[in-house]
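Visitor: So here's model.tsv, just TSV, C-alpha atoms:
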```
chain	number	residue	atom	x	y	z
A	81	MET	CA	88.82	96.47	82.79
A	82	LEU	CA	85.87	96.28	85.11
A	83	ALA	CA	83.55	99.24	85.23
A	84	ARG	CA	83.69	100.51	88.82
A	85	GLN	CA	81.85	103.36	90.50
A	86	ARG	CA	84.17	105.49	92.65
A	87	PRO	CA	83.64	108.78	94.43
A	88	ARG	CA	85.63	111.70	93.02
A	89	ARG	CA	88.81	112.45	94.94
A	90	LEU	CA	92.23	113.55	93.81
A	91	VAL	CA	94.78	110.75	94.12
A	92	GLU	CA	98.37	110.65	92.94
A	93	THR	CA	99.40	107.02	92.79
A	94	ILE	CA	102.40	105.04	91.70
A	95	ILE	CA	101.22	101.73	90.32
A	96	VAL	CA	103.68	98.91	90.02
A	97	ALA	CA	103.32	95.45	88.58
A	98	PRO	CA	105.84	93.23	90.41
A	99	ASP	CA	107.94	90.53	88.84
A	100	ILE	CA	107.21	91.30	85.22
A	101	ALA	CA	108.11	88.31	83.09
A	102	HIS	CA	108.54	88.21	79.32
A	103	ARG	CA	106.02	86.12	77.41
A	104	HIS	CA	107.97	86.17	74.15
A	105	GLN	CA	111.18	87.62	72.82
A	106	PRO	CA	111.75	91.25	73.89
A	107	VAL	CA	110.28	93.82	71.54
A	108	ALA	CA	112.35	96.69	70.15
A	109	ALA	CA	112.17	99.85	72.26
A	110	ASP	CA	109.26	102.14	71.53
A	111	PRO	CA	110.40	105.71	70.72
A	112	LEU	CA	107.64	107.04	73.01
A	113	ASP	CA	109.42	105.42	75.97
A	114	ARG	CA	112.00	108.24	75.91
A	115	ARG	CA	109.71	110.50	77.94
A	116	GLU	CA	111.97	112.06	80.59
A	117	GLU	CA	111.60	115.65	79.38
A	118	SER	CA	109.10	115.38	76.56
A	119	GLU	CA	105.49	116.49	76.61
A	120	VAL	CA	103.06	113.61	76.20
A	121	ARG	CA	99.38	113.02	76.67
A	122	HIS	CA	98.35	111.86	80.14
A	123	ALA	CA	97.00	108.31	80.23
A	124	GLY	CA	93.99	109.36	82.32
A	125	ASP	CA	92.96	112.28	80.08
A	126	PRO	CA	94.38	112.52	76.55
A	127	ARG	CA	93.60	116.27	76.46
A	128	ILE	CA	96.10	117.05	79.25
A	129	HIS	CA	99.70	117.77	78.23
A	130	HIS	CA	102.52	117.99	80.79
A	131	ILE	CA	106.02	116.76	81.46
A	132	ALA	CA	105.60	113.02	81.45
A	133	ASP	CA	105.51	110.92	84.58
A	134	PRO	CA	107.25	107.56	84.45
A	135	PHE	CA	105.17	105.07	82.52
A	136	GLY	CA	106.52	101.54	82.47
A	137	GLN	CA	109.83	102.60	84.01
A	138	GLU	CA	111.82	99.66	85.37
A	139	GLN	CA	112.71	99.90	89.04
A	140	THR	CA	113.54	97.63	91.95
A	141	LEU	CA	111.51	97.90	95.14
A	142	THR	CA	113.34	97.55	98.44
A	143	ALA	CA	111.46	95.86	101.28
A	144	LYS	CA	110.49	98.12	104.18
A	145	LYS	CA	109.08	97.30	107.61
A	146	VAL	CA	105.31	97.97	107.48
A	147	VAL	CA	102.25	97.79	109.67
A	148	ILE	CA	99.69	95.70	107.76
A	149	LEU	CA	95.90	95.56	107.84
A	150	LYS	CA	94.38	92.87	105.59
A	151	GLY	CA	90.96	93.20	104.06
A	152	SER	CA	88.62	92.50	101.20
A	153	ALA	CA	86.10	94.60	99.29
A	154	THR	CA	83.69	94.57	96.42
A	155	TRP	CA	84.34	96.92	93.51
A	156	ASP	CA	81.25	98.91	94.50
A	157	ASN	CA	82.72	99.84	97.90
A	158	ALA	CA	86.44	99.73	97.00
A	159	PHE	CA	87.24	103.40	97.53
A	160	GLU	CA	85.50	103.69	100.90
A	161	THR	CA	87.02	100.42	102.15
A	162	LEU	CA	90.58	101.33	101.14
A	163	VAL	CA	90.32	104.85	102.59
A	164	ALA	CA	88.96	103.43	105.88
A	165	SER	CA	91.80	100.87	106.10
A	166	LEU	CA	94.49	103.47	105.45
A	167	LYS	CA	92.88	105.84	107.98
A	168	THR	CA	92.78	103.06	110.60
A	169	LEU	CA	96.48	102.37	110.06
A	170	SER	CA	97.47	106.05	110.02
A	171	ASP	CA	95.51	106.77	113.21
A	172	PHE	CA	97.05	103.74	114.94
A	173	VAL	CA	100.61	104.71	113.98
A	174	ALA	CA	100.01	108.33	115.06
A	175	LYS	CA	98.63	107.23	118.46
A	176	GLN	CA	101.81	105.19	118.92
A	177	GLY	CA	103.86	108.34	118.33
A	178	ILE	CA	105.45	106.80	115.24
A	179	LYS	CA	106.01	108.85	112.11
A	180	PRO	CA	105.35	106.94	108.83
A	181	ALA	CA	108.60	106.09	107.03
A	182	GLY	CA	107.12	106.57	103.57
A	183	PRO	CA	103.87	106.71	101.59
A	184	SER	CA	100.99	104.36	102.36
A	185	LEU	CA	100.52	101.31	100.14
A	186	ILE	CA	97.69	99.11	99.00
A	187	VAL	CA	98.87	95.67	97.87
A	188	TYR	CA	96.18	93.86	95.89
A	189	THR	CA	96.68	90.16	96.64
A	190	SER	CA	93.85	88.80	94.48
A	191	THR	CA	91.09	90.17	92.25
A	192	ASP	CA	88.04	88.82	90.45
A	193	ASP	CA	84.87	90.21	88.90
A	194	ALA	CA	83.18	90.63	92.29
A	195	GLY	CA	86.00	92.28	94.24
A	196	PHE	CA	89.47	91.87	95.69
A	197	THR	CA	91.61	91.12	98.72
A	198	TYR	CA	94.33	93.52	99.78
A	199	GLN	CA	96.84	94.56	102.38
A	200	ALA	CA	96.88	98.19	103.49
A	201	GLU	CA	100.44	99.03	104.57
A	202	VAL	CA	102.15	101.94	106.31
A	203	PRO	CA	105.98	101.91	106.37
A	204	VAL	CA	107.53	102.43	109.84
A	205	ASP	CA	111.06	102.58	111.23
A	206	GLN	CA	110.12	101.12	114.62
A	207	ASP	CA	107.80	98.40	115.87
A	208	PRO	CA	104.55	99.68	117.37
A	209	LYS	CA	103.46	98.25	120.72
A	210	ASN	CA	100.21	96.39	121.25
A	211	LEU	CA	99.07	95.96	117.66
A	212	ALA	CA	95.36	96.49	117.19
A	213	ARG	CA	93.11	93.61	116.19
A	214	GLY	CA	93.74	92.46	112.61
A	215	MET	CA	97.09	94.27	112.33
A	216	SER	CA	100.53	92.73	111.91
A	217	ILE	CA	104.11	93.75	111.23
A	218	GLY	CA	105.67	92.60	107.98
A	219	THR	CA	107.66	93.79	104.99
A	220	SER	CA	106.50	95.56	101.88
A	221	PRO	CA	106.93	93.88	98.48
A	222	GLU	CA	110.39	93.88	96.96
A	223	GLY	CA	111.97	93.06	93.63
A	224	PRO	CA	111.84	94.16	90.00
A	225	THR	CA	108.79	96.17	88.98
A	226	LEU	CA	107.47	98.53	86.38
A	227	LYS	CA	106.38	101.96	87.61
A	228	PHE	CA	103.30	103.70	86.26
A	229	VAL	CA	101.97	107.01	87.61
A	230	HIS	CA	98.31	108.02	87.82
A	231	ARG	CA	97.34	111.62	88.52
A	232	GLY	CA	93.70	112.34	88.96
A	233	SER	CA	90.64	111.13	90.78
A	234	TYR	CA	90.40	107.60	92.07
A	235	ASP	CA	87.30	107.04	89.95
A	236	ASN	CA	89.38	107.70	86.82
A	237	MET	CA	92.07	105.13	87.66
A	238	ASP	CA	90.51	102.52	85.36
A	239	ASN	CA	91.83	104.54	82.39
A	240	THR	CA	95.36	104.25	83.75
A	241	TYR	CA	94.99	100.51	84.35
A	242	GLU	CA	93.75	100.15	80.77
A	243	ALA	CA	96.84	102.04	79.53
A	244	ILE	CA	99.04	99.76	81.66
A	245	THR	CA	97.41	96.68	80.14
A	246	ASN	CA	98.00	98.07	76.64
A	247	HIS	CA	101.64	98.90	77.49
A	248	LEU	CA	102.28	95.38	78.80
A	249	ASP	CA	100.63	93.86	75.70
A	250	ASP	CA	102.70	96.10	73.38
A	251	LYS	CA	105.90	95.03	75.16
A	252	ARG	CA	104.76	91.40	75.26
A	253	LEU	CA	105.06	91.34	79.03
A	254	GLU	CA	102.90	89.51	81.49
A	255	ALA	CA	102.29	90.88	84.98
A	256	LYS	CA	102.20	88.62	88.01
A	257	ASP	CA	99.13	88.56	90.24
A	258	THR	CA	100.14	91.31	92.70
A	259	PHE	CA	99.61	95.02	92.05
A	260	ILE	CA	100.75	97.78	94.38
A	261	GLU	CA	99.44	101.32	94.66
A	262	GLU	CA	101.61	103.82	96.53
A	263	TYR	CA	99.66	106.94	97.51
A	264	LEU	CA	101.69	110.15	97.35
A	265	THR	CA	98.76	112.54	97.96
A	266	ASP	CA	95.09	112.12	98.73
```
How does the structure come out when it is put into structure tokens?
Guide:
Amino acid sequence: MLARQRPRRLVETIIVAPDIAHRHQPVAADPLDRREESEVRHAGDPRIHHIADPFGQEQTLTAKKVVILKGSATWDNAFETLVASLKTLSDFVAKQGIKPAGPSLIVYTSTDDAGFTYQAEVPVDQDPKNLARGMSIGTSPEGPTLKFVHRGSYDNMDNTYEAITNHLDDKRLEAKDTFIEEYLTD
């Protein structure tokens, strides 16, 4: 994982890795995967015990109509750039009198050592009028995914991504290039 500097802010995020494909033969189930009601250590801070959030839970995403704002950022300004994009979308949708039809998303479309490209997305039930510059209407990602939950500050999310990488390696799974973060709180 890349070392990234991020301001401290509480974020609850669902992270999904779309279209997981097996690299090798499936591995036997890990007994720690039965976490529905058990207490486990949180991936972001091993000292915290609580009822476990889903970690590597299989799910299928359903496409939703979204307002999209594309962008790019360096890792040094990632947090500020993503927050600004989501605020721009939220303000636009609110001015249109449209209530969001679900949590905001960031879809990472490519990453490298210097930074990343992304799509900020806000689900809507109706088409907005007169899209602002750089915005478009589209659909959110769909298909089979694995769900991972991060609770904590955005600057601590690298620990969760490291745990995801370890989980995928343990299960001999390979993630495709797209990662999605769904923001439940800020």
Visitor: Taking a cut-off of 12 Å and counting all atoms listed in the file, can you build a table that, for each residue of region 138-235 of chain A near region 240-248 of chain A, reports the nearest atom pair and how far apart they are in Å (one decimal), sorted by chain then residue number, as JSON lines?
Guide:
```
{"residue": "A:Leu226", "atom": "CA", "partner": "A:Leu248", "partner_atom": "CA", "distance": 9.7}
{"residue": "A:Lys227", "atom": "CA", "partner": "A:Ile244", "partner_atom": "CA", "distance": 9.7}
{"residue": "A:Phe228", "atom": "CA", "partner": "A:Ile244", "partner_atom": "CA", "distance": 7.4}
{"residue": "A:Val229", "atom": "CA", "partner": "A:Thr240", "partner_atom": "CA", "distance": 8.1}
{"residue": "A:His230", "atom": "CA", "partner": "A:Thr240", "partner_atom": "CA", "distance": 6.3}
{"residue": "A:Arg231", "atom": "CA", "partner": "A:Thr240", "partner_atom": "CA", "distance": 9.0}
{"residue": "A:Gly232", "atom": "CA", "partner": "A:Thr240", "partner_atom": "CA", "distance": 9.8}
{"residue": "A:Ser233", "atom": "CA", "partner": "A:Thr240", "partner_atom": "CA", "distance": 10.9}
{"residue": "A:Tyr234", "atom": "CA", "partner": "A:Thr240", "partner_atom": "CA", "distance": 10.2}
{"residue": "A:Asp235", "atom": "CA", "partner": "A:Thr240", "partner_atom": "CA", "distance": 10.5}
```
Visitor: Just the number, please: distance in Å from CA of Gly195 (chain A) to CA of Ser170 (chain A), one decimal.
Guide: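 These atoms are spaced 23.9 Å apart.
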Visitor: Taking (91.7, 103.5, 94.9) in the file's coordinates, which residues come within 8 Å, counting only C-alpha atoms, written as a list of chain:residue names?
Guide: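 Answer for this query, in the requested form: A:Val91, A:Ala158, A:Phe159, A:Leu162, A:Val163, A:Tyr234, A:Asp235, A:Met237.
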Visitor: Residues near region 179-188 of chain A, anyone? I mean within 9 Å using all atoms listed in the file, not counting same-chain ones fewer than 5 positions away, as a ChimeraX atom specification.
Guide: /A:144-146,162,166,170,173-174,196-205,220-221,257-265
Visitor: Grab the residues selected above and save them as a tab-separated table (two decimals), in the coordinates of the input with C-alpha atoms.
Guide:
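Written output follows (result02.tsv):
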```tsv
chain	number	residue	atom	x	y	z
A	144	LYS	CA	110.49	98.12	104.18
A	145	LYS	CA	109.08	97.30	107.61
A	146	VAL	CA	105.31	97.97	107.48
A	162	LEU	CA	90.58	101.33	101.14
A	166	LEU	CA	94.49	103.47	105.45
A	170	SER	CA	97.47	106.05	110.02
A	173	VAL	CA	100.61	104.71	113.98
A	174	ALA	CA	100.01	108.33	115.06
A	196	PHE	CA	89.47	91.87	95.69
A	197	THR	CA	91.61	91.12	98.72
A	198	TYR	CA	94.33	93.52	99.78
A	199	GLN	CA	96.84	94.56	102.38
A	200	ALA	CA	96.88	98.19	103.49
A	201	GLU	CA	100.44	99.03	104.57
A	202	VAL	CA	102.15	101.94	106.31
A	203	PRO	CA	105.98	101.91	106.37
A	204	VAL	CA	107.53	102.43	109.84
A	205	ASP	CA	111.06	102.58	111.23
A	220	SER	CA	106.50	95.56	101.88
A	221	PRO	CA	106.93	93.88	98.48
A	257	ASP	CA	99.13	88.56	90.24
A	258	THR	CA	100.14	91.31	92.70
A	259	PHE	CA	99.61	95.02	92.05
A	260	ILE	CA	100.75	97.78	94.38
A	261	GLU	CA	99.44	101.32	94.66
A	262	GLU	CA	101.61	103.82	96.53
A	263	TYR	CA	99.66	106.94	97.51
A	264	LEU	CA	101.69	110.15	97.35
A	265	THR	CA	98.76	112.54	97.96
```
Visitor: Would you work out the distance separating CA of Asp207 (chain A) from CA of Thr189 (chain A), expressed in Å to one decimal?
Guide: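 Computed distance, CA of Asp207 (chain A) to CA of Thr189 (chain A), equals 23.7 Å.
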Visitor: When you count only C-alpha atoms, which of these residues is closest to Ala143 (chain A): A:Thr219, A:Gly177, A:Thr161, A:Gln206?
Guide: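 With only C-alpha atoms as the atom set, the closest residue is A:Thr219.
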Visitor: For the atom pair CA of Lys251 (chain A) and CA of Glu222 (chain A), what is the interatomic distance in Å to one decimal place?
Guide: 22.3 Å
Visitor: I'd like the neighbourhood of Pro208 (chain A) as a CSV table (one decimal) with C-alpha atoms, keeping the file's coordinate frame, where a residue qualifies if any of its atoms comes within 10 Å (using all atoms listed in the file), though same-chain residues fewer than 5 positions away should be ignored.
Guide:
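Dumped everything to out-v4.csv:
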```
chain,number,residue,atom,x,y,z
A,147,VAL,CA,102.2,97.8,109.7
A,172,PHE,CA,97.0,103.7,114.9
A,173,VAL,CA,100.6,104.7,114.0
A,175,LYS,CA,98.6,107.2,118.5
A,176,GLN,CA,101.8,105.2,118.9
A,177,GLY,CA,103.9,108.3,118.3
A,178,ILE,CA,105.4,106.8,115.2
A,216,SER,CA,100.5,92.7,111.9
A,217,ILE,CA,104.1,93.8,111.2
```
Visitor: Would you mind telling me which residue in A:Asp171, A:Gly136, A:Glu160, A:Asn236 lies nearest to Leu253 (chain A) when using only C-alpha atoms?
Guide: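 Using only C-alpha atoms, the shortest distance to Leu253 (chain A) belongs to A:Gly136.
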Visitor: Put a box with edges along x, y and z around all the listed atoms of region 214-224 of chain A, pad it by 8 Å on each side, then give me its centre and sizes in Å, one decimal, as AutoDock Vina command-line options.
Guide:
```
--center_x 102.9 --center_y 94.0 --center_z 101.3 --size_x 34.2 --size_y 19.1 --size_z 38.6
```
Visitor: Smallest atom-to-atom distance to Gln137 (chain A): which of A:Asn210, A:Thr225, A:Ser165, A:Thr154, using all atoms listed in the file?
Guide: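 For Gln137 (chain A), the nearest of the given residues is A:Thr225.
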Visitor: Which of these residues is nearest to Ser190 (chain A), using all atoms listed in the file: A:Thr168, A:Glu138, A:Ser152, A:Glu254?
Guide: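 Checking each of A:Thr168, A:Glu138, A:Ser152, A:Glu254 against Ser190 (chain A), counting all atoms listed in the file, the winner is A:Ser152.
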